[in-house]
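**Q** One structure follows; several queries about it will come next.
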Amino acid sequence: MTDHLVVLLGGRRVGLVERDRNDSMSFSYDPEYRTAALSLSPALPLGDRRFADRDIRAFMEGLLPDDPQVRLLWASKFGVTDDAFDLLTHMGQECAGAVQFAREEDLAELIAGGGDYRRVDPKHIGARLKALREAATHSRWTLPDEHWSLPGAQPKFTLARIGDAWYEAHGAAATTHIIKPGISLMRHQAAVEFATMRAAKRLGLSVAEVDFDDFNGEGAIVVRRFDRIVVDGEIRRIHQVDMCQALGQPPSRKYERDGGPTGKQIADLLRSQSTRPDADVRRFSNALLFNYLSGSSDGHAKNFSLLIAGSQVRLSPLYDLATGLPYEARDAPNYSAFAIGGVRNFGEAYPKHWRQHAAEMGLDADERIAFIVDLAARMPDAFRDSMLSDIGGDLGKLLWRRTSERPGRLVSHCKSVEQRIGESRAGQGSAGGASKARGKSTPASNRTSFKARERGESAVSLGEPDIEGDR
Ligand SMILES: Nc1ncnc2c1ncn2[C@@H]1O[C@H](COP(=O)(O)OP(=O)(O)O)[C@@H](O)[C@H]1O
Ligand SMILES: [Mg+2]
């Protein structure tokens with residue numbers, strides 16, 4: 001017997017996933033869709049090809065939670081296996097991006113709108129957060145009438161904010177925000193993630209809009225979805241794919257060290273896909289350097305996405321940034337997800353590695369070094385302000401103390417970067433030629449020239465939503 005699952009994009013039917021009796025899937029676009037503009041992913045280009053199991057599976061797995069317990073709970077709720085086909089048959093009505101899944105018999109209802117909202121108060125949201133926090137990984141992310149799916153390992157749920165009120169989205173209703181209580185084994189992790197996102201924003205990187213809210217005594221990070229926009233009161237979906245999906249890799253390969261996409265592969269993908277390739281490769285490099293300098297170890301390929309709106313394809317705003325510096329070494333990895341010029345361990349990169357990183361990204365090495373100098377100089381203040389002002393109170397003070405103090409933590413890490421660049425310049429200066437050659441491509445004051453150039457990347461319009469260039 002063959003099972004069929006219809007795939008929709010932006011509310012329009014685009015193709016069919018078929019599953020044979022060996023649980024092997026294939027996918028092809030409908031003939032009438034093949035001349036459309038928007039594909040599901042760069043790894044699934046439009047055309048008459050029938051994609052094999054591994055191609056469509058990488059895309060579909062990429063929409064589902066990493067946590068096997070959540071998958072098993074979903075499977076048992078519907079009396080099906082935890083295979084991606086089965087899970088998305090039941091939970092694929094509201095996903096990351098503009099994709100949706102439906103059985104043929106449910107299609108008409110889905111296209112007609114198929115969903116509704118239920119208003120919830122902070123007390124209800126707080127109780128849901130508490131249940132997620134206490135049950136740790138064994139918790140149910142979704143409530144019985146919800147049919148959304150999001151990837152990632154952290155417990156989370158998604159809600160719609162309409163006006164000043166929060167709503168649960170039932171069926172195929174679209175949502176606007178992602179709510180996460182934080183990783184329960186890491187104390188105050190949601191606050192740390194919030195502070196890291198805010199610090200990145202202070203440093204001029206373009207990041208998703210975040211808040212740290214209290215729901216009846218339960219703190220949570222609240223992230224506005226950049227893959228949703230509200231037009232005339234209606235929530236619309238914007239398509240996005242993460243870098244594993246875009247490169248046809250399953251989520252099990254999200255880390256470079258596990259054989260997943262390399263930084264260079266992502267930079268190359270941005271060069272071939274983005275409608276602002278130079279700006280987006282630079283933004284991607286900025287993010288890798290931010291993660292490296294701030295001790296944020298989890299910036300893997302699924303924490304970067306392409307946002308695809310109308311004719312524009314851009315690296316999305318950054319999300320899921322979180323420093324591990326406030327934690328003990330045993331609780332947070334001391335290496336970054338992507339190597340910087342071959343180096344992963346925090347604190348071990350020298351200017352030659354930053355130059356190699358620039359070469360891998362196809363960017364000017366002097367401009368990258370200028371960026372790092374500027375970032376290292378401003379980063380401690382950005383984190384201090386985020387923790388002391390945005391979080392504030394005793395928690396803000398505690399987090400700042402833990403992030404900044406002790407050798408190897410933020411302040412000394414950033415200082416060592418400046419020191420190494422200074423030393424390398426002094427070395428090159430005495431050697432003569434190198435500094436002269438550098439002077440040619442980058443004017444004397446690196447920092448000023450970097451800022452001026454970055455400011456040139458002002459806000460660009462992406463259909464309706466705006467992706468700010470990094471400042
Ligand atoms: N602001 C956002 N807008 C749209 N999609 C997002 C946003 N933040 C995260 N996502 C999507 O949700 C997924 C899970 O979110 P993330 O914060 O990365 O969770 P986790 O901490 O579990 O990895 C991401 O992989 C991405 O696909
Ligand atoms: Mg993530």
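How things are named: the first chain in the structure tokens is A, the next is B, and so on; residues count from 1 in each chain; ligands count from 1 in the order shown.
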Within 9 Å of ligand 1, which residues show up when you count only C-alpha atoms and all ligand atoms? List them as a ChimeraX atom specification, please.

**A** /A:62-63,65-66,95-97,149-156,176-180,182-183,207-210,223-228,240-242,298-299,301-305,307,316-321

**Q** Using only C-alpha atoms, which residues sit within 8 Å of Phe383 of chain A once same-chain residues fewer than 4 positions away are excluded, as a list in words?

**A**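 Residues near the query, excluding close chain neighbours: Ala195, Thr196, Arg198, Ala199, Met379, Met387 and Trp400 of chain A.
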
**Q** Which residue is closest to ligand 2? Choose from A:Ala58, A:Cys244, A:Leu205, A:Ala127 and count only C-alpha atoms and all ligand atoms.

**A**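 Of all the options, A:Cys244 lies closest to ligand 2.
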
**Q** Against segment 32-41 of chain A, which residues of segment 293-323 of chain A fall within 9 Å? For each one I want the closest pair of atoms and the distance in Å (one decimal), counting only C-alpha atoms, rows by chain and increasing residue number, as CSV.

**A**
residue,atom,partner,partner_atom,distance
A:Ile308,CA,A:Leu38,CA,8.3
A:Ala309,CA,A:Leu38,CA,8.9
A:Gly310,CA,A:Leu38,CA,8.0
A:Ser311,CA,A:Ala37,CA,8.0

**Q** Could the residues in this selection be written to a file with C-alpha atoms, as a compact mmCIF listing (two decimals), in the first residue's frame?

**A**
# COMPACT_ATOMS: atom_id res chain seq x y z
CA ILE A 308 12.53 33.29 1.41
CA ALA A 309 9.94 35.96 0.66
CA GLY A 310 8.74 36.74 -2.81
CA SER A 311 11.80 37.16 -4.97

**Q** Compile the contact shell of Pro144 of chain A as a PyMOL selection string: residues with an atom at most 9 Å away, counting only C-alpha atoms, same-chain residues fewer than 2 positions apart removed.

**A** chain A and resi 77+142+146-147+170

**Q** Would you save the residues of that selection, restricted to C-alpha atoms, as a PDB file, in the first residue's frame?

**A**
ATOM      1  CA  LYS A  77      -1.316  10.184  20.768  1.00  0.00           C
ATOM      2  CA  THR A 142       1.697  20.476  22.477  1.00  0.00           C
ATOM      3  CA  GLU A 146      -2.538  21.883  18.600  1.00  0.00           C
ATOM      4  CA  HIS A 147      -0.967  20.536  15.415  1.00  0.00           C
ATOM      5  CA  HIS A 170      -5.586  25.087  17.057  1.00  0.00           C
TER       6      HIS A 170
END
